[in-house]
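Here's the structure we're looking at; comments come further down.
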Amino acid sequence: MKITNKFNLPQTLVALASKDYYSKGKSDYSATEIISPPRIQRLRRKHYEEIEQDVSDMIWMLLGTALHVVAERSAVDNHTNEERLSVEIDGVILSGAIDLQHHTNDGVEITDYKFTSAWALRSDKPEWEQQQNIYKYLVEKIKKEKVSKLSICAMIRDWSKAESLVKSDYPQAPIQMIEIPLWENDKIETFIRERIEIHRNSKVSEDWGDELPECTEEERWIRETKYALKKEGRKTAIRVLDTEEEAQVMLKELPEKDKGFIEIRKGEAIRCTRNYCGVSQWCSQYQNSIKEEV
Ligand code: SF4
């Protein structure tokens, strides 16, 4: 991977960003890898040397790493920090690094630290549920300890005090604890087997990776088209609605003097369009979708 420094940041940050902190031990897959789309995994592996990333875009990854290092140093009774566990399923070694285990009388409470945005926090995060339940499976299978609770400790990068005061559905603090539903182990094992199979079967061809399974809408982080009801002279929308019909009904109800209109906020697959996956330029699925739109 090529690390760039477009904003002339200190070399110490460049050096930190250039270091490879990631280790999955001696396993074939990590929990994070297995839940992520095989298309992204394979394209990243294939184009690793060509992928460019600027230090400024890696700051949250660096802070995440720093948090793990600091957390590892804290010693609190009945708490285990940063433990990697592995299990063999269908001839494959699967591992997971668990940020925090709190050993209580009712069982182990697992917590994972995540940096996220306020918008992402309000959307469904199936990958959090999947990852946490794989950790549950590892603890119960390997350590033979019952898991009683799964949580995410979400740190909101773009949290705004001002927004928290005016929006009822906005996170009320920059750090939130989010409880994750517990799955039965049979369900987790079936899920793991399916994911192993999907990753095993995916291959990269030279012509833009057409043999790869496509990323689903959920995996592409689809943001639906919205209809903003606005009026002249006001910057913010009066209401943002899911359908044009709803927006039209509300537009008709506005007094004529308000000069209202509807602004269409076109939906998009933001993981693709903003290249959050890092491989959109080599992805046939995304490149074909652009051609279809023209
Ligand atoms: S560009 Fe979109 S479809 Fe292609 S790998 Fe990335 S997320 Fe998946």
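Each chain in the structure tokens gets a letter, A, B, ..., in the order shown, and its residues are numbered from 1; ligands are numbered from 1 in order too.
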Name all residues at most 9 Å from His47 (chain A) (count only C-alpha atoms; drop same-chain ones fewer than 4 positions away) and give them as a VMD selection string.
chain A and resid 1 42 to 43 51 279 282
Using only C-alpha atoms, which protein or nucleic acid residues come within 12 Å of Asp28 (chain A)? Drop anything in the same chain fewer than 4 positions from it, and give the result as number ranges by chain.
A: 23-24, 32-34, 86-96, 196, 199-200
Restrict the selected residues to C-alpha atoms and save them as a PDB file, in the first residue's frame.
```pdb
ATOM      1  CA  SER A  23      -2.320  -9.500  12.888  1.00  0.00           C
ATOM      2  CA  LYS A  24      -4.752 -12.360  12.799  1.00  0.00           C
ATOM      3  CA  THR A  32     -13.614  -9.107  10.718  1.00  0.00           C
ATOM      4  CA  GLU A  33     -12.500 -10.681   7.452  1.00  0.00           C
ATOM      5  CA  ILE A  34     -15.150 -13.325   7.393  1.00  0.00           C
ATOM      6  CA  SER A  86      -9.318 -19.189  17.610  1.00  0.00           C
ATOM      7  CA  VAL A  87     -11.424 -22.152  16.637  1.00  0.00           C
ATOM      8  CA  GLU A  88     -11.306 -24.686  13.795  1.00  0.00           C
ATOM      9  CA  ILE A  89     -14.436 -25.078  11.654  1.00  0.00           C
ATOM     10  CA  ASP A  90     -14.565 -27.101   8.431  1.00  0.00           C
ATOM     11  CA  GLY A  91     -10.755 -27.255   8.309  1.00  0.00           C
ATOM     12  CA  VAL A  92     -10.433 -23.490   8.611  1.00  0.00           C
ATOM     13  CA  ILE A  93      -8.956 -21.640  11.598  1.00  0.00           C
ATOM     14  CA  LEU A  94     -11.084 -18.648  12.521  1.00  0.00           C
ATOM     15  CA  SER A  95      -9.876 -16.134  15.096  1.00  0.00           C
ATOM     16  CA  GLY A  96     -11.171 -13.035  16.806  1.00  0.00           C
ATOM     17  CA  ILE A 196     -16.367 -19.532   5.068  1.00  0.00           C
ATOM     18  CA  HIS A 199     -14.973 -16.600   0.903  1.00  0.00           C
ATOM     19  CA  ARG A 200     -13.569 -19.946  -0.259  1.00  0.00           C
TER      20      ARG A 200
END
```
Which of region 104-274 of chain A end up as alpha helix (DSSP H) when DSSP is run on this backbone - answer as a VMD selection string?
chain A and resid 118 to 122 126 to 138 161 to 166 185 to 201 244 to 253 270 to 273
Site check for ligand 1: residues at most 12 Å away, only C-alpha atoms and all ligand atoms, as JSON, numbers by chain:
{"A": [36, 37, 38, 39, 40, 41, 42, 43, 44, 45, 204, 208, 209, 210, 212, 213, 214, 215, 216, 217, 218, 219, 220, 221, 222, 268, 269, 270, 271, 272, 273, 274, 275, 276, 277, 278, 279, 280, 281, 282, 283, 284, 285, 286, 287, 288, 289, 290]}
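Neighbours of Pro174 (chain A) closer than or equal to 6 Å, with only C-alpha atoms counted and sequence neighbours fewer than 2 positions away skipped, come out as Met155, Ile156 and Trp159 of chain A.
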Contacts of Glu232 (chain A) within 8 Å, only C-alpha atoms, excl. fewer than 2 positions in-chain, as a VMD selection string
chain A and resid 230 234 258 to 261
Enumerate the residues of region 200-267 of chain A with a DSSP assignment of strand (DSSP E), computed from the backbone, and present them as an NGL selection string.
:A and (222-223 or 226-231 or 239-241 or 260-265)
Next, dump the selected residues to file, keeping only N, CA and C atoms, as a JSON list (two decimals), in the first residue's frame.
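Generated file (result22.json):
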```json
[["chain", "number", "residue", "atom", "x", "y", "z"],
["A", 222, "ILE", "N", -26.18, 1.41, 1.13],
["A", 222, "ILE", "CA", -27.10, 2.20, 0.31],
["A", 222, "ILE", "C", -27.80, 3.25, 1.14],
["A", 223, "ARG", "N", -27.72, 4.48, 0.70],
["A", 223, "ARG", "CA", -28.48, 5.57, 1.32],
["A", 223, "ARG", "C", -29.63, 5.86, 0.35],
["A", 226, "LYS", "N", -34.07, 10.65, -0.84],
["A", 226, "LYS", "CA", -34.98, 11.36, 0.08],
["A", 226, "LYS", "C", -35.54, 12.59, -0.63],
["A", 227, "TYR", "N", -36.68, 13.07, -0.13],
["A", 227, "TYR", "CA", -37.35, 14.23, -0.73],
["A", 227, "TYR", "C", -37.47, 15.31, 0.33],
["A", 228, "ALA", "N", -36.73, 16.40, 0.11],
["A", 228, "ALA", "CA", -36.69, 17.48, 1.12],
["A", 228, "ALA", "C", -37.70, 18.55, 0.73],
["A", 229, "LEU", "N", -38.59, 18.84, 1.66],
["A", 229, "LEU", "CA", -39.55, 19.93, 1.44],
["A", 229, "LEU", "C", -38.89, 21.21, 1.93],
["A", 230, "LYS", "N", -38.74, 22.16, 1.00],
["A", 230, "LYS", "CA", -38.03, 23.40, 1.35],
["A", 230, "LYS", "C", -38.88, 24.60, 0.98],
["A", 231, "LYS", "N", -38.47, 25.76, 1.48],
["A", 231, "LYS", "CA", -39.12, 26.98, 1.02],
["A", 231, "LYS", "C", -38.06, 28.04, 0.75],
["A", 239, "ARG", "N", -39.08, 19.55, 6.13],
["A", 239, "ARG", "CA", -39.18, 18.11, 6.45],
["A", 239, "ARG", "C", -38.42, 17.33, 5.38],
["A", 240, "VAL", "N", -37.87, 16.20, 5.75],
["A", 240, "VAL", "CA", -37.25, 15.31, 4.75],
["A", 240, "VAL", "C", -38.06, 14.02, 4.75],
["A", 241, "LEU", "N", -38.56, 13.66, 3.56],
["A", 241, "LEU", "CA", -39.50, 12.52, 3.49],
["A", 241, "LEU", "C", -38.95, 11.39, 2.62],
["A", 260, "GLY", "N", -42.97, 27.06, -1.52],
["A", 260, "GLY", "CA", -42.28, 25.79, -1.23],
["A", 260, "GLY", "C", -41.90, 25.04, -2.49],
["A", 261, "PHE", "N", -40.96, 24.16, -2.34],
["A", 261, "PHE", "CA", -40.53, 23.30, -3.46],
["A", 261, "PHE", "C", -39.91, 22.02, -2.89],
["A", 262, "ILE", "N", -39.78, 21.02, -3.77],
["A", 262, "ILE", "CA", -39.20, 19.73, -3.32],
["A", 262, "ILE", "C", -37.80, 19.57, -3.90],
["A", 263, "GLU", "N", -36.86, 19.26, -3.03],
["A", 263, "GLU", "CA", -35.48, 19.01, -3.48],
["A", 263, "GLU", "C", -35.25, 17.50, -3.38],
["A", 264, "ILE", "N", -34.85, 16.90, -4.51],
["A", 264, "ILE", "CA", -34.60, 15.45, -4.49],
["A", 264, "ILE", "C", -33.16, 15.20, -4.07],
["A", 265, "ARG", "N", -32.98, 14.47, -2.97],
["A", 265, "ARG", "CA", -31.63, 14.10, -2.52],
["A", 265, "ARG", "C", -31.38, 12.66, -2.94]]
```
Which residue of A:Val76, A:Ala162, A:Leu9, A:Ala17 approaches Leu62 (chain A) most closely, using only C-alpha atoms
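That would be A:Ala17, the residue with the smallest distance to Leu62 (chain A).
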If we count only C-alpha atoms, what is near Glu163 (chain A) at a cut-off of 12 Å, once residues fewer than 5 positions away on the same chain are taken out, given as an MDAnalysis selection string?
chainID A and resid 118:119 158 168:174
Kindly export the residues of the current selection with all heavy atoms, as a PDB file, in the first residue's frame.
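See out-v1.pdb below for the written result:
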```pdb
ATOM      1  N   ALA A 118     -21.956   9.881  13.598  1.00  0.00           N
ATOM      2  CA  ALA A 118     -23.308   9.988  14.172  1.00  0.00           C
ATOM      3  C   ALA A 118     -24.325   9.409  13.198  1.00  0.00           C
ATOM      4  O   ALA A 118     -25.287   8.742  13.608  1.00  0.00           O
ATOM      5  CB  ALA A 118     -23.625  11.453  14.458  1.00  0.00           C
ATOM      6  N   TRP A 119     -24.106   9.617  11.893  1.00  0.00           N
ATOM      7  CA  TRP A 119     -25.036   9.075  10.896  1.00  0.00           C
ATOM      8  C   TRP A 119     -25.024   7.543  10.931  1.00  0.00           C
ATOM      9  O   TRP A 119     -26.069   6.909  10.973  1.00  0.00           O
ATOM     10  CB  TRP A 119     -24.655   9.571   9.479  1.00  0.00           C
ATOM     11  CG  TRP A 119     -25.503   8.925   8.446  1.00  0.00           C
ATOM     12  CD1 TRP A 119     -26.788   9.254   8.088  1.00  0.00           C
ATOM     13  CD2 TRP A 119     -25.169   7.765   7.663  1.00  0.00           C
ATOM     14  NE1 TRP A 119     -27.258   8.375   7.128  1.00  0.00           N
ATOM     15  CE2 TRP A 119     -26.291   7.467   6.850  1.00  0.00           C
ATOM     16  CE3 TRP A 119     -24.023   6.955   7.562  1.00  0.00           C
ATOM     17  CZ2 TRP A 119     -26.298   6.407   5.948  1.00  0.00           C
ATOM     18  CZ3 TRP A 119     -24.034   5.892   6.662  1.00  0.00           C
ATOM     19  CH2 TRP A 119     -25.156   5.633   5.874  1.00  0.00           C
ATOM     20  N   ASP A 158     -17.774  12.595  14.826  1.00  0.00           N
ATOM     21  CA  ASP A 158     -18.261  13.917  14.400  1.00  0.00           C
ATOM     22  C   ASP A 158     -19.369  14.424  15.330  1.00  0.00           C
ATOM     23  O   ASP A 158     -20.236  15.185  14.909  1.00  0.00           O
ATOM     24  CB  ASP A 158     -18.782  13.838  12.961  1.00  0.00           C
ATOM     25  CG  ASP A 158     -19.828  12.747  12.797  1.00  0.00           C
ATOM     26  OD1 ASP A 158     -20.029  11.949  13.750  1.00  0.00           O
ATOM     27  OD2 ASP A 158     -20.458  12.682  11.734  1.00  0.00           O
ATOM     28  N   SER A 168     -33.880  15.189  18.772  1.00  0.00           N
ATOM     29  CA  SER A 168     -34.177  14.163  19.776  1.00  0.00           C
ATOM     30  C   SER A 168     -33.583  12.809  19.401  1.00  0.00           C
ATOM     31  O   SER A 168     -33.314  11.977  20.271  1.00  0.00           O
ATOM     32  CB  SER A 168     -35.688  14.040  19.957  1.00  0.00           C
ATOM     33  OG  SER A 168     -36.258  13.711  18.720  1.00  0.00           O
ATOM     34  N   ASP A 169     -33.398  12.559  18.078  1.00  0.00           N
ATOM     35  CA  ASP A 169     -32.865  11.252  17.679  1.00  0.00           C
ATOM     36  C   ASP A 169     -31.344  11.285  17.507  1.00  0.00           C
ATOM     37  O   ASP A 169     -30.751  10.363  16.975  1.00  0.00           O
ATOM     38  CB  ASP A 169     -33.530  10.766  16.385  1.00  0.00           C
ATOM     39  CG  ASP A 169     -33.233  11.681  15.203  1.00  0.00           C
ATOM     40  OD1 ASP A 169     -32.820  12.839  15.440  1.00  0.00           O
ATOM     41  OD2 ASP A 169     -33.408  11.233  14.054  1.00  0.00           O
ATOM     42  N   TYR A 170     -30.710  12.357  17.974  1.00  0.00           N
ATOM     43  CA  TYR A 170     -29.248  12.485  17.856  1.00  0.00           C
ATOM     44  C   TYR A 170     -28.602  11.946  19.139  1.00  0.00           C
ATOM     45  O   TYR A 170     -29.137  12.157  20.234  1.00  0.00           O
ATOM     46  CB  TYR A 170     -28.900  13.968  17.655  1.00  0.00           C
ATOM     47  CG  TYR A 170     -27.470  14.194  17.224  1.00  0.00           C
ATOM     48  CD1 TYR A 170     -27.123  14.124  15.879  1.00  0.00           C
ATOM     49  CD2 TYR A 170     -26.466  14.452  18.154  1.00  0.00           C
ATOM     50  CE1 TYR A 170     -25.806  14.326  15.472  1.00  0.00           C
ATOM     51  CE2 TYR A 170     -25.150  14.645  17.752  1.00  0.00           C
ATOM     52  CZ  TYR A 170     -24.825  14.583  16.418  1.00  0.00           C
ATOM     53  OH  TYR A 170     -23.525  14.772  16.020  1.00  0.00           O
ATOM     54  N   PRO A 171     -27.437  11.252  19.036  1.00  0.00           N
ATOM     55  CA  PRO A 171     -26.799  10.738  20.264  1.00  0.00           C
ATOM     56  C   PRO A 171     -26.550  11.865  21.281  1.00  0.00           C
ATOM     57  O   PRO A 171     -26.073  12.933  20.918  1.00  0.00           O
ATOM     58  CB  PRO A 171     -25.467  10.159  19.764  1.00  0.00           C
ATOM     59  CG  PRO A 171     -25.601  10.030  18.285  1.00  0.00           C
ATOM     60  CD  PRO A 171     -26.672  10.951  17.831  1.00  0.00           C
ATOM     61  N   GLN A 172     -26.871  11.619  22.517  1.00  0.00           N
ATOM     62  CA  GLN A 172     -26.799  12.662  23.548  1.00  0.00           C
ATOM     63  C   GLN A 172     -25.409  12.823  24.170  1.00  0.00           C
ATOM     64  O   GLN A 172     -25.174  13.739  24.947  1.00  0.00           O
ATOM     65  CB  GLN A 172     -27.840  12.382  24.639  1.00  0.00           C
ATOM     66  CG  GLN A 172     -29.272  12.531  24.143  1.00  0.00           C
ATOM     67  CD  GLN A 172     -29.579  13.947  23.612  1.00  0.00           C
ATOM     68  OE1 GLN A 172     -29.534  14.894  24.371  1.00  0.00           O
ATOM     69  NE2 GLN A 172     -29.871  14.079  22.315  1.00  0.00           N
ATOM     70  N   ALA A 173     -24.482  11.946  23.837  1.00  0.00           N
ATOM     71  CA  ALA A 173     -23.098  12.062  24.334  1.00  0.00           C
ATOM     72  C   ALA A 173     -22.164  11.503  23.264  1.00  0.00           C
ATOM     73  O   ALA A 173     -22.589  10.690  22.436  1.00  0.00           O
ATOM     74  CB  ALA A 173     -22.944  11.278  25.630  1.00  0.00           C
ATOM     75  N   PRO A 174     -20.886  11.926  23.279  1.00  0.00           N
ATOM     76  CA  PRO A 174     -19.964  11.465  22.221  1.00  0.00           C
ATOM     77  C   PRO A 174     -19.573   9.993  22.338  1.00  0.00           C
ATOM     78  O   PRO A 174     -18.986   9.439  21.422  1.00  0.00           O
ATOM     79  CB  PRO A 174     -18.743  12.373  22.379  1.00  0.00           C
ATOM     80  CG  PRO A 174     -18.836  12.950  23.741  1.00  0.00           C
ATOM     81  CD  PRO A 174     -20.273  12.965  24.139  1.00  0.00           C
TER      82      PRO A 174
END
```
Please, what distance in Å, to one decimal, runs between CA of Leu13 (chain A) and CA of Ala120 (chain A)?
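Taking CA of Leu13 (chain A) and CA of Ala120 (chain A), their separation equals 26.5 Å.
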Please provide as an mmCIF file with all heavy atoms, in the first residue's frame all residues within 9 Å of Met61 (chain A), with the sequence filter that same-chain residues fewer than 4 positions apart are discarded (counting only C-alpha atoms).
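Output file result20.cif is given in full below:
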```
data_model
loop_
_atom_site.group_PDB
_atom_site.id
_atom_site.type_symbol
_atom_site.label_atom_id
_atom_site.label_comp_id
_atom_site.auth_asym_id
_atom_site.auth_seq_id
_atom_site.Cartn_x
_atom_site.Cartn_y
_atom_site.Cartn_z
ATOM 1 N N ALA A 17 1.484 5.434 10.427
ATOM 2 C CA ALA A 17 0.500 4.956 9.439
ATOM 3 C C ALA A 17 1.095 3.875 8.549
ATOM 4 O O ALA A 17 0.372 3.015 8.035
ATOM 5 C CB ALA A 17 0.007 6.127 8.591
ATOM 6 N N ASP A 57 -6.460 10.431 5.997
ATOM 7 C CA ASP A 57 -7.631 9.536 6.007
ATOM 8 C C ASP A 57 -7.462 8.374 6.981
ATOM 9 O O ASP A 57 -8.380 7.599 7.182
ATOM 10 C CB ASP A 57 -7.866 8.950 4.606
ATOM 11 C CG ASP A 57 -8.303 10.010 3.627
ATOM 12 O OD1 ASP A 57 -8.990 10.950 4.046
ATOM 13 O OD2 ASP A 57 -7.942 9.898 2.437
ATOM 14 N N THR A 65 -6.047 2.189 16.940
ATOM 15 C CA THR A 65 -4.903 1.369 17.367
ATOM 16 C C THR A 65 -4.386 1.869 18.716
ATOM 17 O O THR A 65 -4.099 1.085 19.629
ATOM 18 C CB THR A 65 -3.771 1.454 16.308
ATOM 19 O OG1 THR A 65 -4.332 1.142 15.049
ATOM 20 C CG2 THR A 65 -2.648 0.490 16.618
ATOM 21 N N ALA A 66 -4.292 3.222 18.844
ATOM 22 C CA ALA A 66 -3.795 3.810 20.100
ATOM 23 C C ALA A 66 -4.702 3.416 21.261
ATOM 24 O O ALA A 66 -4.229 3.065 22.350
ATOM 25 C CB ALA A 66 -3.732 5.325 19.966
ATOM 26 N N PHE A 115 -14.909 3.331 16.562
ATOM 27 C CA PHE A 115 -15.068 4.729 16.167
ATOM 28 C C PHE A 115 -16.093 4.739 15.043
ATOM 29 O O PHE A 115 -16.011 3.931 14.115
ATOM 30 C CB PHE A 115 -13.749 5.314 15.659
ATOM 31 C CG PHE A 115 -12.810 5.677 16.764
ATOM 32 C CD1 PHE A 115 -11.744 4.856 17.110
ATOM 33 C CD2 PHE A 115 -12.987 6.864 17.461
ATOM 34 C CE1 PHE A 115 -10.874 5.196 18.141
ATOM 35 C CE2 PHE A 115 -12.124 7.213 18.499
ATOM 36 C CZ PHE A 115 -11.068 6.376 18.834
#
```
Please build the interface table for region 140-208 of chain A against region 99-110 of chain A with a cut-off of 10 Å, listing for each qualifying residue the nearest atom pair and the distance in Å to one decimal; count only C-alpha atoms, order rows by chain and increasing number, and write it as a tab-separated table.
```
residue	atom	partner	partner_atom	distance
A:Glu140	CA	A:Val108	CA	9.3
A:Glu145	CA	A:Gly107	CA	6.8
A:Lys146	CA	A:Gly107	CA	5.1
A:Val147	CA	A:Val108	CA	4.5
A:Ser148	CA	A:Gly107	CA	5.0
A:Lys149	CA	A:Glu109	CA	4.6
A:Leu150	CA	A:Ile110	CA	4.9
A:Ser151	CA	A:Ile110	CA	6.2
A:Ile152	CA	A:Ile110	CA	8.4
A:Ile180	CA	A:Ile110	CA	9.9
```
Atoms to include: N, CA and C atoms. Write the selected residues as an mmCIF file, in the first residue's frame.
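Output (selection-v7.cif):
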```
data_model
loop_
_atom_site.group_PDB
_atom_site.id
_atom_site.type_symbol
_atom_site.label_atom_id
_atom_site.label_comp_id
_atom_site.auth_asym_id
_atom_site.auth_seq_id
_atom_site.Cartn_x
_atom_site.Cartn_y
_atom_site.Cartn_z
ATOM 1 N N GLU A 140 -17.494 -19.066 24.287
ATOM 2 C CA GLU A 140 -18.237 -20.220 24.811
ATOM 3 C C GLU A 140 -17.589 -21.535 24.390
ATOM 4 N N GLU A 145 -17.005 -20.576 28.810
ATOM 5 C CA GLU A 145 -17.673 -19.627 29.716
ATOM 6 C C GLU A 145 -18.898 -19.077 29.003
ATOM 7 N N LYS A 146 -19.984 -18.944 29.750
ATOM 8 C CA LYS A 146 -21.226 -18.442 29.155
ATOM 9 C C LYS A 146 -21.113 -16.927 28.919
ATOM 10 N N VAL A 147 -21.602 -16.485 27.761
ATOM 11 C CA VAL A 147 -21.607 -15.039 27.488
ATOM 12 C C VAL A 147 -23.007 -14.512 27.785
ATOM 13 N N SER A 148 -23.087 -13.481 28.616
ATOM 14 C CA SER A 148 -24.407 -12.982 29.033
ATOM 15 C C SER A 148 -24.780 -11.654 28.368
ATOM 16 N N LYS A 149 -23.797 -10.971 27.782
ATOM 17 C CA LYS A 149 -24.117 -9.661 27.206
ATOM 18 C C LYS A 149 -23.086 -9.289 26.142
ATOM 19 N N LEU A 150 -23.579 -8.635 25.081
ATOM 20 C CA LEU A 150 -22.698 -8.122 24.027
ATOM 21 C C LEU A 150 -22.959 -6.630 23.880
ATOM 22 N N SER A 151 -21.893 -5.841 23.821
ATOM 23 C CA SER A 151 -22.090 -4.385 23.661
ATOM 24 C C SER A 151 -21.015 -3.797 22.769
ATOM 25 N N ILE A 152 -21.389 -2.672 22.178
ATOM 26 C CA ILE A 152 -20.422 -1.851 21.446
ATOM 27 C C ILE A 152 -20.255 -0.559 22.226
ATOM 28 N N ILE A 180 -26.092 -5.376 21.922
ATOM 29 C CA ILE A 180 -26.225 -6.178 20.693
ATOM 30 C C ILE A 180 -26.982 -7.467 21.035
#
```
